[in-house]
file target-v1.pdb (PDB, C-alpha atoms)
ATOM      1  CA  MET A   1      25.261 -47.978  25.498  1.00  0.00           C
ATOM      2  CA  ASN A   2      27.631 -45.803  23.473  1.00  0.00           C
ATOM      3  CA  GLN A   3      26.914 -42.133  24.250  1.00  0.00           C
ATOM      4  CA  ASN A   4      27.824 -41.094  20.701  1.00  0.00           C
ATOM      5  CA  TYR A   5      25.179 -43.492  19.397  1.00  0.00           C
ATOM      6  CA  VAL A   6      22.604 -42.001  21.778  1.00  0.00           C
ATOM      7  CA  GLY A   7      23.504 -38.523  20.581  1.00  0.00           C
ATOM      8  CA  TYR A   8      23.290 -39.591  16.968  1.00  0.00           C
ATOM      9  CA  GLY A   9      19.879 -41.173  17.594  1.00  0.00           C
ATOM     10  CA  ALA A  10      18.588 -37.982  19.173  1.00  0.00           C
ATOM     11  CA  ARG A  11      19.840 -35.903  16.262  1.00  0.00           C
ATOM     12  CA  ALA A  12      18.310 -38.335  13.761  1.00  0.00           C
ATOM     13  CA  SER A  13      14.971 -38.142  15.587  1.00  0.00           C
ATOM     14  CA  ALA A  14      15.111 -34.341  15.499  1.00  0.00           C
ATOM     15  CA  ILE A  15      15.867 -34.392  11.766  1.00  0.00           C
ATOM     16  CA  ARG A  16      12.978 -36.787  11.139  1.00  0.00           C
ATOM     17  CA  ALA A  17      10.658 -34.645  13.254  1.00  0.00           C
ATOM     18  CA  GLY A  18      11.714 -31.557  11.296  1.00  0.00           C
ATOM     19  CA  ALA A  19      11.144 -33.320   7.981  1.00  0.00           C
ATOM     20  CA  ASP A  20       7.709 -34.557   9.098  1.00  0.00           C
ATOM     21  CA  SER A  21       6.760 -31.055  10.221  1.00  0.00           C
ATOM     22  CA  ARG A  22       7.812 -29.555   6.886  1.00  0.00           C
ATOM     23  CA  GLU A  23       5.890 -32.238   5.022  1.00  0.00           C
ATOM     24  CA  ARG A  24       2.720 -31.424   6.996  1.00  0.00           C
ATOM     25  CA  PHE A  25       3.244 -27.746   6.206  1.00  0.00           C
ATOM     26  CA  LEU A  26       3.561 -28.468   2.475  1.00  0.00           C
ATOM     27  CA  VAL A  27       0.442 -30.657   2.449  1.00  0.00           C
ATOM     28  CA  ARG A  28      -1.548 -27.979   4.273  1.00  0.00           C
ATOM     29  CA  THR A  29      -0.255 -25.244   1.965  1.00  0.00           C
ATOM     30  CA  TYR A  30      -1.232 -27.040  -1.234  1.00  0.00           C
ATOM     31  CA  ASN A  31      -4.559 -28.190   0.194  1.00  0.00           C
ATOM     32  CA  HIS A  32      -5.369 -24.548   0.955  1.00  0.00           C
ATOM     33  CA  LEU A  33      -4.152 -23.472  -2.487  1.00  0.00           C
ATOM     34  CA  PHE A  34      -6.412 -25.962  -4.268  1.00  0.00           C
ATOM     35  CA  GLY A  35      -9.251 -24.960  -1.961  1.00  0.00           C
ATOM     36  CA  ALA A  36      -8.716 -21.304  -2.917  1.00  0.00           C
ATOM     37  CA  ILE A  37      -8.716 -22.196  -6.635  1.00  0.00           C
ATOM     38  CA  ALA A  38     -11.932 -24.217  -6.214  1.00  0.00           C
ATOM     39  CA  LEU A  39     -13.545 -21.323  -4.322  1.00  0.00           C
ATOM     40  CA  PHE A  40     -12.474 -18.868  -7.034  1.00  0.00           C
ATOM     41  CA  ALA A  41     -14.064 -21.087  -9.707  1.00  0.00           C
ATOM     42  CA  ALA A  42     -17.247 -21.513  -7.657  1.00  0.00           C
ATOM     43  CA  ILE A  43     -17.601 -17.741  -7.173  1.00  0.00           C
ATOM     44  CA  GLU A  44     -17.146 -17.117 -10.905  1.00  0.00           C
ATOM     45  CA  VAL A  45     -19.738 -19.785 -11.806  1.00  0.00           C
ATOM     46  CA  ALA A  46     -22.194 -18.266  -9.317  1.00  0.00           C
ATOM     47  CA  LEU A  47     -21.633 -14.740 -10.667  1.00  0.00           C
ATOM     48  CA  PHE A  48     -22.207 -15.803 -14.263  1.00  0.00           C
ATOM     49  CA  LYS A  49     -25.155 -18.105 -13.480  1.00  0.00           C
ATOM     50  CA  THR A  50     -26.990 -15.398 -11.533  1.00  0.00           C
ATOM     51  CA  GLY A  51     -26.266 -12.624 -14.048  1.00  0.00           C
ATOM     52  CA  ALA A  52     -24.275 -10.642 -11.496  1.00  0.00           C
ATOM     53  CA  ALA A  53     -21.203 -10.905 -13.753  1.00  0.00           C
ATOM     54  CA  LEU A  54     -22.884  -8.730 -16.396  1.00  0.00           C
ATOM     55  CA  VAL A  55     -23.631  -6.018 -13.841  1.00  0.00           C
ATOM     56  CA  ILE A  56     -20.097  -6.146 -12.416  1.00  0.00           C
ATOM     57  CA  ALA A  57     -18.477  -6.176 -15.876  1.00  0.00           C
ATOM     58  CA  ARG A  58     -20.442  -3.135 -17.040  1.00  0.00           C
ATOM     59  CA  ALA A  59     -19.689  -1.252 -13.832  1.00  0.00           C
ATOM     60  CA  MET A  60     -15.962  -2.006 -13.968  1.00  0.00           C
ATOM     61  CA  ILE A  61     -15.609  -1.336 -17.688  1.00  0.00           C
ATOM     62  CA  GLY A  62     -17.248   2.042 -17.135  1.00  0.00           C
ATOM     63  CA  THR A  63     -14.912   2.869 -14.237  1.00  0.00           C
ATOM     64  CA  SER A  64     -11.337   4.110 -14.394  1.00  0.00           C
ATOM     65  CA  TRP A  65      -9.080   1.049 -14.441  1.00  0.00           C
ATOM     66  CA  LEU A  66      -6.670   2.915 -12.169  1.00  0.00           C
ATOM     67  CA  LEU A  67      -9.330   3.072  -9.449  1.00  0.00           C
ATOM     68  CA  VAL A  68     -10.079  -0.631  -9.862  1.00  0.00           C
ATOM     69  CA  LEU A  69      -6.388  -1.524  -9.799  1.00  0.00           C
ATOM     70  CA  GLY A  70      -5.741   0.746  -6.825  1.00  0.00           C
ATOM     71  CA  GLY A  71      -8.588  -0.836  -4.849  1.00  0.00           C
ATOM     72  CA  PHE A  72      -7.394  -4.326  -5.705  1.00  0.00           C
ATOM     73  CA  MET A  73      -3.810  -3.523  -4.675  1.00  0.00           C
ATOM     74  CA  LEU A  74      -5.062  -2.179  -1.341  1.00  0.00           C
ATOM     75  CA  VAL A  75      -7.096  -5.328  -0.694  1.00  0.00           C
ATOM     76  CA  SER A  76      -4.109  -7.478  -1.741  1.00  0.00           C
ATOM     77  CA  TRP A  77      -1.767  -5.654   0.625  1.00  0.00           C
ATOM     78  CA  LEU A  78      -4.179  -5.884   3.566  1.00  0.00           C
ATOM     79  CA  ALA A  79      -4.891  -9.571   2.924  1.00  0.00           C
ATOM     80  CA  SER A  80      -1.220 -10.478   2.554  1.00  0.00           C
ATOM     81  CA  ARG A  81      -0.264  -8.551   5.685  1.00  0.00           C
ATOM     82  CA  ALA A  82      -3.031 -10.178   7.748  1.00  0.00           C
ATOM     83  CA  ALA A  83      -2.181 -13.682   6.488  1.00  0.00           C
ATOM     84  CA  HIS A  84       1.513 -13.238   7.273  1.00  0.00           C
ATOM     85  CA  THR A  85       1.409 -11.346  10.569  1.00  0.00           C
ATOM     86  CA  SER A  86      -1.811 -12.189  12.406  1.00  0.00           C
ATOM     87  CA  MET A  87      -1.596 -14.863  15.099  1.00  0.00           C
ATOM     88  CA  SER A  88      -5.311 -15.570  14.730  1.00  0.00           C
ATOM     89  CA  LYS A  89      -6.198 -18.402  12.344  1.00  0.00           C
ATOM     90  CA  PRO A  90      -9.708 -16.984  11.684  1.00  0.00           C
ATOM     91  CA  VAL A  91      -8.123 -13.681  10.629  1.00  0.00           C
ATOM     92  CA  GLN A  92      -5.704 -15.524   8.320  1.00  0.00           C
ATOM     93  CA  TYR A  93      -8.585 -17.446   6.740  1.00  0.00           C
ATOM     94  CA  ALA A  94     -10.612 -14.236   6.396  1.00  0.00           C
ATOM     95  CA  ALA A  95      -7.640 -12.667   4.595  1.00  0.00           C
ATOM     96  CA  LEU A  96      -7.407 -15.588   2.173  1.00  0.00           C
ATOM     97  CA  LEU A  97     -11.167 -15.547   1.572  1.00  0.00           C
ATOM     98  CA  GLY A  98     -11.161 -11.779   1.001  1.00  0.00           C
ATOM     99  CA  TYR A  99      -8.282 -12.049  -1.443  1.00  0.00           C
ATOM    100  CA  VAL A 100      -9.954 -14.848  -3.430  1.00  0.00           C
ATOM    101  CA  LEU A 101     -13.168 -12.800  -3.578  1.00  0.00           C
ATOM    102  CA  ALA A 102     -11.255  -9.714  -4.770  1.00  0.00           C
ATOM    103  CA  GLN A 103      -9.542 -11.773  -7.481  1.00  0.00           C
ATOM    104  CA  ALA A 104     -12.878 -13.239  -8.555  1.00  0.00           C
ATOM    105  CA  ILE A 105     -14.379  -9.765  -8.964  1.00  0.00           C
ATOM    106  CA  ILE A 106     -11.437  -8.246 -10.839  1.00  0.00           C
ATOM    107  CA  PHE A 107     -11.445 -11.221 -13.226  1.00  0.00           C
ATOM    108  CA  VAL A 108     -15.101 -10.728 -14.204  1.00  0.00           C
ATOM    109  CA  PRO A 109     -14.601  -8.268 -17.109  1.00  0.00           C
ATOM    110  CA  LEU A 110     -11.848 -10.375 -18.698  1.00  0.00           C
ATOM    111  CA  LEU A 111     -13.859 -13.585 -18.316  1.00  0.00           C
ATOM    112  CA  PHE A 112     -16.971 -11.835 -19.649  1.00  0.00           C
ATOM    113  CA  ILE A 113     -15.140 -10.649 -22.767  1.00  0.00           C
ATOM    114  CA  ALA A 114     -13.392 -13.992 -23.285  1.00  0.00           C
ATOM    115  CA  ASP A 115     -16.679 -15.871 -23.011  1.00  0.00           C
ATOM    116  CA  ARG A 116     -18.149 -13.772 -25.830  1.00  0.00           C
ATOM    117  CA  VAL A 117     -15.300 -13.206 -28.276  1.00  0.00           C
ATOM    118  CA  ALA A 118     -13.313 -16.415 -27.779  1.00  0.00           C
ATOM    119  CA  PRO A 119     -15.492 -19.409 -26.839  1.00  0.00           C
ATOM    120  CA  GLY A 120     -13.414 -22.115 -25.204  1.00  0.00           C
ATOM    121  CA  ALA A 121     -10.573 -19.732 -24.352  1.00  0.00           C
ATOM    122  CA  ILE A 122     -11.326 -19.842 -20.625  1.00  0.00           C
ATOM    123  CA  GLN A 123     -11.086 -23.623 -20.459  1.00  0.00           C
ATOM    124  CA  SER A 124      -7.948 -23.677 -22.635  1.00  0.00           C
ATOM    125  CA  ALA A 125      -6.286 -20.969 -20.544  1.00  0.00           C
ATOM    126  CA  GLY A 126      -7.188 -22.838 -17.350  1.00  0.00           C
ATOM    127  CA  LEU A 127      -5.611 -26.050 -18.618  1.00  0.00           C
ATOM    128  CA  ALA A 128      -2.493 -24.199 -19.806  1.00  0.00           C
ATOM    129  CA  THR A 129      -2.212 -22.480 -16.421  1.00  0.00           C
ATOM    130  CA  MET A 130      -2.475 -25.763 -14.515  1.00  0.00           C
ATOM    131  CA  ALA A 131       0.096 -27.397 -16.805  1.00  0.00           C
ATOM    132  CA  GLY A 132       2.495 -24.478 -16.381  1.00  0.00           C
ATOM    133  CA  PHE A 133       2.015 -24.440 -12.621  1.00  0.00           C
ATOM    134  CA  ALA A 134       2.593 -28.204 -12.384  1.00  0.00           C
ATOM    135  CA  GLY A 135       5.764 -27.992 -14.477  1.00  0.00           C
ATOM    136  CA  LEU A 136       7.223 -25.089 -12.500  1.00  0.00           C
ATOM    137  CA  THR A 137       6.329 -26.755  -9.190  1.00  0.00           C
ATOM    138  CA  ALA A 138       8.053 -29.953 -10.332  1.00  0.00           C
ATOM    139  CA  ILE A 139      11.207 -27.984 -11.212  1.00  0.00           C
ATOM    140  CA  ALA A 140      11.307 -26.423  -7.745  1.00  0.00           C
ATOM    141  CA  PHE A 141      10.622 -29.712  -5.924  1.00  0.00           C
ATOM    142  CA  VAL A 142      12.956 -31.896  -8.001  1.00  0.00           C
ATOM    143  CA  THR A 143      15.923 -29.523  -8.087  1.00  0.00           C
ATOM    144  CA  ARG A 144      15.390 -28.227  -4.509  1.00  0.00           C
ATOM    145  CA  LYS A 145      17.126 -25.076  -5.744  1.00  0.00           C
ATOM    146  CA  ASP A 146      16.724 -21.902  -3.722  1.00  0.00           C
ATOM    147  CA  PHE A 147      15.191 -19.343  -6.107  1.00  0.00           C
ATOM    148  CA  SER A 148      15.206 -16.514  -3.564  1.00  0.00           C
ATOM    149  CA  PHE A 149      17.604 -14.600  -5.858  1.00  0.00           C
ATOM    150  CA  LEU A 150      14.558 -13.945  -8.077  1.00  0.00           C
ATOM    151  CA  GLY A 151      13.069 -11.690  -5.394  1.00  0.00           C
ATOM    152  CA  ALA A 152      14.880  -8.506  -6.455  1.00  0.00           C
ATOM    153  CA  LEU A 153      14.143  -9.150 -10.135  1.00  0.00           C
ATOM    154  CA  LEU A 154      10.462  -9.714  -9.388  1.00  0.00           C
ATOM    155  CA  ARG A 155      10.198  -6.521  -7.364  1.00  0.00           C
ATOM    156  CA  TRP A 156      11.825  -4.519 -10.154  1.00  0.00           C
ATOM    157  CA  GLY A 157       9.727  -6.217 -12.826  1.00  0.00           C
ATOM    158  CA  GLY A 158       6.554  -5.675 -10.811  1.00  0.00           C
ATOM    159  CA  ILE A 159       7.229  -1.950 -10.512  1.00  0.00           C
ATOM    160  CA  CYS A 160       7.878  -1.682 -14.264  1.00  0.00           C
ATOM    161  CA  ALA A 161       4.680  -3.604 -15.034  1.00  0.00           C
ATOM    162  CA  LEU A 162       2.604  -1.370 -12.762  1.00  0.00           C
ATOM    163  CA  VAL A 163       4.049   1.757 -14.374  1.00  0.00           C
ATOM    164  CA  LEU A 164       3.181   0.432 -17.842  1.00  0.00           C
ATOM    165  CA  ILE A 165      -0.343  -0.559 -16.783  1.00  0.00           C
ATOM    166  CA  ALA A 166      -0.924   2.855 -15.184  1.00  0.00           C
ATOM    167  CA  ALA A 167       0.469   4.642 -18.250  1.00  0.00           C
ATOM    168  CA  GLY A 168      -1.778   2.585 -20.526  1.00  0.00           C
ATOM    169  CA  ALA A 169      -4.834   3.471 -18.422  1.00  0.00           C
ATOM    170  CA  LEU A 170      -3.903   7.166 -18.298  1.00  0.00           C
ATOM    171  CA  PHE A 171      -2.918   7.685 -21.929  1.00  0.00           C
ATOM    172  CA  GLY A 172      -5.185   5.150 -23.572  1.00  0.00           C
ATOM    173  CA  PHE A 173      -2.663   2.898 -25.301  1.00  0.00           C
ATOM    174  CA  GLN A 174      -2.998  -0.875 -25.399  1.00  0.00           C
ATOM    175  CA  LEU A 175      -0.479  -3.218 -23.823  1.00  0.00           C
ATOM    176  CA  GLY A 176      -0.235  -5.801 -26.550  1.00  0.00           C
ATOM    177  CA  THR A 177       0.823  -9.392 -27.016  1.00  0.00           C
ATOM    178  CA  PHE A 178       4.478  -8.880 -26.097  1.00  0.00           C
ATOM    179  CA  PHE A 179       3.490  -7.418 -22.736  1.00  0.00           C
ATOM    180  CA  SER A 180       1.235 -10.416 -22.027  1.00  0.00           C
ATOM    181  CA  VAL A 181       4.031 -12.835 -22.998  1.00  0.00           C
ATOM    182  CA  ALA A 182       6.449 -10.980 -20.704  1.00  0.00           C
ATOM    183  CA  MET A 183       3.928 -11.132 -17.857  1.00  0.00           C
ATOM    184  CA  VAL A 184       3.413 -14.880 -18.369  1.00  0.00           C
ATOM    185  CA  ALA A 185       7.178 -15.263 -17.914  1.00  0.00           C
ATOM    186  CA  PHE A 186       7.017 -12.939 -14.880  1.00  0.00           C
ATOM    187  CA  ALA A 187       4.224 -15.019 -13.313  1.00  0.00           C
ATOM    188  CA  GLY A 188       6.205 -18.206 -13.946  1.00  0.00           C
ATOM    189  CA  ALA A 189       9.209 -16.718 -12.161  1.00  0.00           C
ATOM    190  CA  ALA A 190       6.922 -15.706  -9.279  1.00  0.00           C
ATOM    191  CA  ILE A 191       5.666 -19.301  -8.961  1.00  0.00           C
ATOM    192  CA  LEU A 192       9.252 -20.586  -8.828  1.00  0.00           C
ATOM    193  CA  TYR A 193      10.126 -17.947  -6.224  1.00  0.00           C
ATOM    194  CA  ASP A 194       7.054 -18.672  -4.074  1.00  0.00           C
ATOM    195  CA  THR A 195       7.515 -22.447  -4.274  1.00  0.00           C
ATOM    196  CA  SER A 196      11.172 -22.119  -3.318  1.00  0.00           C
ATOM    197  CA  ASN A 197      10.252 -19.950  -0.324  1.00  0.00           C
ATOM    198  CA  ILE A 198       7.641 -22.490   0.742  1.00  0.00           C
ATOM    199  CA  LEU A 199      10.193 -25.293   0.510  1.00  0.00           C
ATOM    200  CA  HIS A 200      13.040 -23.500   2.280  1.00  0.00           C
ATOM    201  CA  HIS A 201      12.016 -20.391   4.179  1.00  0.00           C
ATOM    202  CA  PHE A 202       8.329 -20.097   5.119  1.00  0.00           C
ATOM    203  CA  PRO A 203       7.469 -20.533   8.833  1.00  0.00           C
ATOM    204  CA  GLU A 204       5.553 -23.772   9.231  1.00  0.00           C
ATOM    205  CA  ASP A 205       2.584 -22.131  10.962  1.00  0.00           C
ATOM    206  CA  ARG A 206       1.989 -19.816   7.976  1.00  0.00           C
ATOM    207  CA  TYR A 207       0.489 -22.259   5.506  1.00  0.00           C
ATOM    208  CA  VAL A 208      -2.511 -19.958   4.926  1.00  0.00           C
ATOM    209  CA  GLY A 209      -0.201 -17.091   3.958  1.00  0.00           C
ATOM    210  CA  ALA A 210       1.873 -19.425   1.808  1.00  0.00           C
ATOM    211  CA  ALA A 211      -1.272 -20.570  -0.030  1.00  0.00           C
ATOM    212  CA  LEU A 212      -2.277 -16.928  -0.572  1.00  0.00           C
ATOM    213  CA  GLU A 213       1.094 -16.118  -2.148  1.00  0.00           C
ATOM    214  CA  LEU A 214       0.907 -19.109  -4.481  1.00  0.00           C
ATOM    215  CA  PHE A 215      -2.704 -18.360  -5.394  1.00  0.00           C
ATOM    216  CA  ALA A 216      -1.759 -14.785  -6.319  1.00  0.00           C
ATOM    217  CA  SER A 217       0.955 -16.028  -8.687  1.00  0.00           C
ATOM    218  CA  VAL A 218      -1.299 -18.693 -10.238  1.00  0.00           C
ATOM    219  CA  ALA A 219      -4.058 -16.110 -10.742  1.00  0.00           C
ATOM    220  CA  MET A 220      -1.613 -13.763 -12.464  1.00  0.00           C
ATOM    221  CA  LEU A 221      -0.442 -16.574 -14.752  1.00  0.00           C
ATOM    222  CA  PHE A 222      -4.060 -17.421 -15.618  1.00  0.00           C
ATOM    223  CA  TRP A 223      -4.888 -13.744 -16.274  1.00  0.00           C
ATOM    224  CA  TYR A 224      -2.150 -13.220 -18.857  1.00  0.00           C
ATOM    225  CA  ILE A 225      -2.544 -16.620 -20.520  1.00  0.00           C
ATOM    226  CA  LEU A 226      -6.257 -15.858 -20.893  1.00  0.00           C
ATOM    227  CA  ARG A 227      -5.413 -12.462 -22.361  1.00  0.00           C
ATOM    228  CA  LEU A 228      -3.214 -14.187 -24.926  1.00  0.00           C
ATOM    229  CA  PHE A 229      -5.869 -16.757 -25.790  1.00  0.00           C
ATOM    230  CA  THR A 230      -8.527 -14.058 -26.061  1.00  0.00           C
ATOM    231  CA  SER A 231      -6.480 -11.687 -28.220  1.00  0.00           C
ATOM    232  CA  SER A 232      -5.442 -14.509 -30.558  1.00  0.00           C
ATOM    233  CA  ARG A 233      -9.099 -15.311 -31.329  1.00  0.00           C
ATOM    234  CA  ASP A 234     -10.425 -11.758 -31.388  1.00  0.00           C
TER     235      ASP A 234
END
call {"tool": "encode", "arguments": {"input": "target-v1.pdb", "output": "structure tokens"}}
result
Amino acid sequence: MNQNYVGYGARASAIRAGADSRERFLVRTYNHLFGAIALFAAIEVALFKTGAALVIARAMIGTSWLLVLGGFMLVSWLASRAAHTSMSKPVQYAALLGYVLAQAIIFVPLLFIADRVAPGAIQSAGLATMAGFAGLTAIAFVTRKDFSFLGALLRWGGICALVLIAAGALFGFQLGTFFSVAMVAFAGAAILYDTSNILHHFPEDRYVGAALELFASVAMLFWYILRLFTSSRD
């Protein structure tokens, strides 16, 4: 048999094996993402059904937003680090679970207000978020473009956003509609960036960490779309 043909066959098998491995990674990542979204929704339903949401909302509204934000950022950093660096799968899952729980708690005041001043806004914002996520995911998958160049812009934009949020909490001014619109665009860019990394760069054993990154971006998109829907009906 021709040795070149044998070599070609081996290379083709390796390419197919690599493609199959990446496909399994993508399926696992998105299964974990949808599981995290379902868990987030279930936690919120439980909090509101039991009345715990009212207690949490009152406590958080009466607390400095800087303390709340600082605590959330610490939890986010610890969860992301554990999901990306730990070799233990239980630790990675615990990180994802802890992050989803932290997101569910920090969302309570916004959901509580939206439920009272803008009936239907939560459902509308959820649908808009899913549509936006689906569209951005399709762009990344269809074009196969590497959006890693967005990383520096996202880091810079994230720092600017945090400074504005901290300044608003310290000096008592409201971050209005234009800020929410800008953050919706920021979250959309983050979804493109995360999806591109998952397609091209993420290690294939880190599907839990990949799902955490995507969930964080989807949650941010939902947060600012809900803010827009709530403020427009206030």
call {"tool": "residues_around", "arguments": {"input": "target-v1.pdb", "residues": "range 197-207 of chain A", "least_positions_apart": "4", "cutoff": "9 Å", "atoms": "only C-alpha atoms", "output": "list of chain:residue names"}}
result
A:Ser21, A:Arg22, A:Arg24, A:Phe25, A:Leu26, A:Val27, A:Arg28, A:Thr29, A:Tyr30, A:His32, A:Ala83, A:His84, A:Thr85, A:Gln92, A:Ala140, A:Phe141, A:Arg144, A:Asp146, A:Phe147, A:Ser148, A:Leu192, A:Tyr193, A:Ala211, A:Leu212
call {"tool": "atom_distance", "arguments": {"input": "target-v1.pdb", "atom1": "CA of Gly51 in chain A", "atom2": "CA of Leu78 in chain A"}}
result
29.0 Å
call {"tool": "closest_residue", "arguments": {"input": "target-v1.pdb", "among": "A:Pro90, A:Val218, A:Ala102, A:Ala46", "to": "Met73 in chain A", "atoms": "only C-alpha atoms"}}
result
A:Ala102
call {"tool": "atom_distance", "arguments": {"input": "target-v1.pdb", "atom1": "CA of Ser196 in chain A", "atom2": "CA of Leu136 in chain A"}}
result
10.4 Å
call {"tool": "resolve_selection", "arguments": {"input": "target-v1.pdb", "expression": "the PyMOL selection byres ((chain A and resi 228) around 12)", "output": "PDB file with C-alpha atoms, keeping the file's coordinate frame"}}
result
ATOM      1  CA  LEU A 110     -11.848 -10.375 -18.698  1.00  0.00           C
ATOM      2  CA  ALA A 114     -13.392 -13.992 -23.285  1.00  0.00           C
ATOM      3  CA  ALA A 118     -13.313 -16.415 -27.779  1.00  0.00           C
ATOM      4  CA  ALA A 121     -10.573 -19.732 -24.352  1.00  0.00           C
ATOM      5  CA  ILE A 122     -11.326 -19.842 -20.625  1.00  0.00           C
ATOM      6  CA  SER A 124      -7.948 -23.677 -22.635  1.00  0.00           C
ATOM      7  CA  ALA A 125      -6.286 -20.969 -20.544  1.00  0.00           C
ATOM      8  CA  ALA A 128      -2.493 -24.199 -19.806  1.00  0.00           C
ATOM      9  CA  THR A 129      -2.212 -22.480 -16.421  1.00  0.00           C
ATOM     10  CA  LEU A 175      -0.479  -3.218 -23.823  1.00  0.00           C
ATOM     11  CA  GLY A 176      -0.235  -5.801 -26.550  1.00  0.00           C
ATOM     12  CA  THR A 177       0.823  -9.392 -27.016  1.00  0.00           C
ATOM     13  CA  PHE A 178       4.478  -8.880 -26.097  1.00  0.00           C
ATOM     14  CA  PHE A 179       3.490  -7.418 -22.736  1.00  0.00           C
ATOM     15  CA  SER A 180       1.235 -10.416 -22.027  1.00  0.00           C
ATOM     16  CA  VAL A 181       4.031 -12.835 -22.998  1.00  0.00           C
ATOM     17  CA  ALA A 182       6.449 -10.980 -20.704  1.00  0.00           C
ATOM     18  CA  MET A 183       3.928 -11.132 -17.857  1.00  0.00           C
ATOM     19  CA  VAL A 184       3.413 -14.880 -18.369  1.00  0.00           C
ATOM     20  CA  LEU A 221      -0.442 -16.574 -14.752  1.00  0.00           C
ATOM     21  CA  PHE A 222      -4.060 -17.421 -15.618  1.00  0.00           C
ATOM     22  CA  TRP A 223      -4.888 -13.744 -16.274  1.00  0.00           C
ATOM     23  CA  TYR A 224      -2.150 -13.220 -18.857  1.00  0.00           C
ATOM     24  CA  ILE A 225      -2.544 -16.620 -20.520  1.00  0.00           C
ATOM     25  CA  LEU A 226      -6.257 -15.858 -20.893  1.00  0.00           C
ATOM     26  CA  ARG A 227      -5.413 -12.462 -22.361  1.00  0.00           C
ATOM     27  CA  PHE A 229      -5.869 -16.757 -25.790  1.00  0.00           C
ATOM     28  CA  THR A 230      -8.527 -14.058 -26.061  1.00  0.00           C
ATOM     29  CA  SER A 231      -6.480 -11.687 -28.220  1.00  0.00           C
ATOM     30  CA  SER A 232      -5.442 -14.509 -30.558  1.00  0.00           C
ATOM     31  CA  ARG A 233      -9.099 -15.311 -31.329  1.00  0.00           C
ATOM     32  CA  ASP A 234     -10.425 -11.758 -31.388  1.00  0.00           C
TER      33      ASP A 234
END
call {"tool": "atom_distance", "arguments": {"input": "target-v1.pdb", "atom1": "CA of Ser76 in chain A", "atom2": "CA of Ala134 in chain A"}}
result
24.2 Å
call {"tool": "residues_near_point", "arguments": {"input": "target-v1.pdb", "point": "(-17.4, -5.6, -21.7)", "cutoff": "7 Å", "atoms": "all atoms listed in the file", "output": "number ranges by chain"}}
result
A: 57-58, 61, 109, 112-113
call {"tool": "residues_around", "arguments": {"input": "target-v1.pdb", "residues": "Val91 in chain A", "least_positions_apart": "3", "cutoff": "12 Å", "atoms": "only C-alpha atoms", "output": "MDAnalysis selection string"}}
result
chainID A and resid 78:88 94:98 208:209
call {"tool": "write_last_selection", "arguments": {"input": "target-v1.pdb", "atoms": "C-alpha atoms", "output": "mmCIF file, keeping the file's coordinate frame"}}
result
data_model
loop_
_atom_site.group_PDB
_atom_site.id
_atom_site.type_symbol
_atom_site.label_atom_id
_atom_site.label_comp_id
_atom_site.auth_asym_id
_atom_site.auth_seq_id
_atom_site.Cartn_x
_atom_site.Cartn_y
_atom_site.Cartn_z
ATOM 1 C CA LEU A 78 -4.179 -5.884 3.566
ATOM 2 C CA ALA A 79 -4.891 -9.571 2.924
ATOM 3 C CA SER A 80 -1.220 -10.478 2.554
ATOM 4 C CA ARG A 81 -0.264 -8.551 5.685
ATOM 5 C CA ALA A 82 -3.031 -10.178 7.748
ATOM 6 C CA ALA A 83 -2.181 -13.682 6.488
ATOM 7 C CA HIS A 84 1.513 -13.238 7.273
ATOM 8 C CA THR A 85 1.409 -11.346 10.569
ATOM 9 C CA SER A 86 -1.811 -12.189 12.406
ATOM 10 C CA MET A 87 -1.596 -14.863 15.099
ATOM 11 C CA SER A 88 -5.311 -15.570 14.730
ATOM 12 C CA ALA A 94 -10.612 -14.236 6.396
ATOM 13 C CA ALA A 95 -7.640 -12.667 4.595
ATOM 14 C CA LEU A 96 -7.407 -15.588 2.173
ATOM 15 C CA LEU A 97 -11.167 -15.547 1.572
ATOM 16 C CA GLY A 98 -11.161 -11.779 1.001
ATOM 17 C CA VAL A 208 -2.511 -19.958 4.926
ATOM 18 C CA GLY A 209 -0.201 -17.091 3.958
#
call {"tool": "closest_residue", "arguments": {"input": "target-v1.pdb", "among": "A:Ile105, A:Ile191, A:Leu127, A:Leu69", "to": "Val55 in chain A", "atoms": "all atoms listed in the file"}}
result
A:Ile105
call {"tool": "resolve_selection", "arguments": {"input": "target-v1.pdb", "expression": "the PyMOL selection byres ((chain A and resi 157-171) around 12)", "output": "PyMOL selection string"}}
result
chain A and resi 61+63-70+73+150-156+172-176+179-180+182-187+189-190+217+220
call {"tool": "resolve_selection", "arguments": {"input": "target-v1.pdb", "expression": "the PyMOL selection byres ((chain A and resi 104) around 10)", "output": "ChimeraX atom specification"}}
result
/A:39-44,47,98-103,105-108,111,219
call {"tool": "axis_aligned_box", "arguments": {"input": "target-v1.pdb", "around": "range 40-52 of chain A", "padding_each_side": "4 Å", "output": "AutoDock Vina command-line options"}}
result
--center_x -19.7 --center_y -16.1 --center_z -10.6 --size_x 22.5 --size_y 18.9 --size_z 15.2
call {"tool": "decode", "arguments": {"input": "target-v1.pdb", "residues": "range 226-230 of chain A", "atoms": "N, CA and C atoms", "output": "PDB file, in the first residue's frame"}}
result
ATOM      1  N   LEU A 226     -33.484  44.028  31.121  1.00  0.00           N
ATOM      2  CA  LEU A 226     -34.567  44.183  32.098  1.00  0.00           C
ATOM      3  C   LEU A 226     -34.608  45.591  32.658  1.00  0.00           C
ATOM      4  N   ARG A 227     -33.449  46.180  32.891  1.00  0.00           N
ATOM      5  CA  ARG A 227     -33.422  47.578  33.347  1.00  0.00           C
ATOM      6  C   ARG A 227     -34.091  48.498  32.321  1.00  0.00           C
ATOM      7  N   LEU A 228     -33.817  48.278  31.059  1.00  0.00           N
ATOM      8  CA  LEU A 228     -34.436  49.078  30.013  1.00  0.00           C
ATOM      9  C   LEU A 228     -35.946  48.883  29.976  1.00  0.00           C
ATOM     10  N   PHE A 229     -36.385  47.639  30.051  1.00  0.00           N
ATOM     11  CA  PHE A 229     -37.818  47.357  30.024  1.00  0.00           C
ATOM     12  C   PHE A 229     -38.513  47.951  31.248  1.00  0.00           C
ATOM     13  N   THR A 230     -37.840  47.883  32.400  1.00  0.00           N
ATOM     14  CA  THR A 230     -38.441  48.398  33.624  1.00  0.00           C
ATOM     15  C   THR A 230     -38.526  49.915  33.605  1.00  0.00           C
TER      16      THR A 230
END
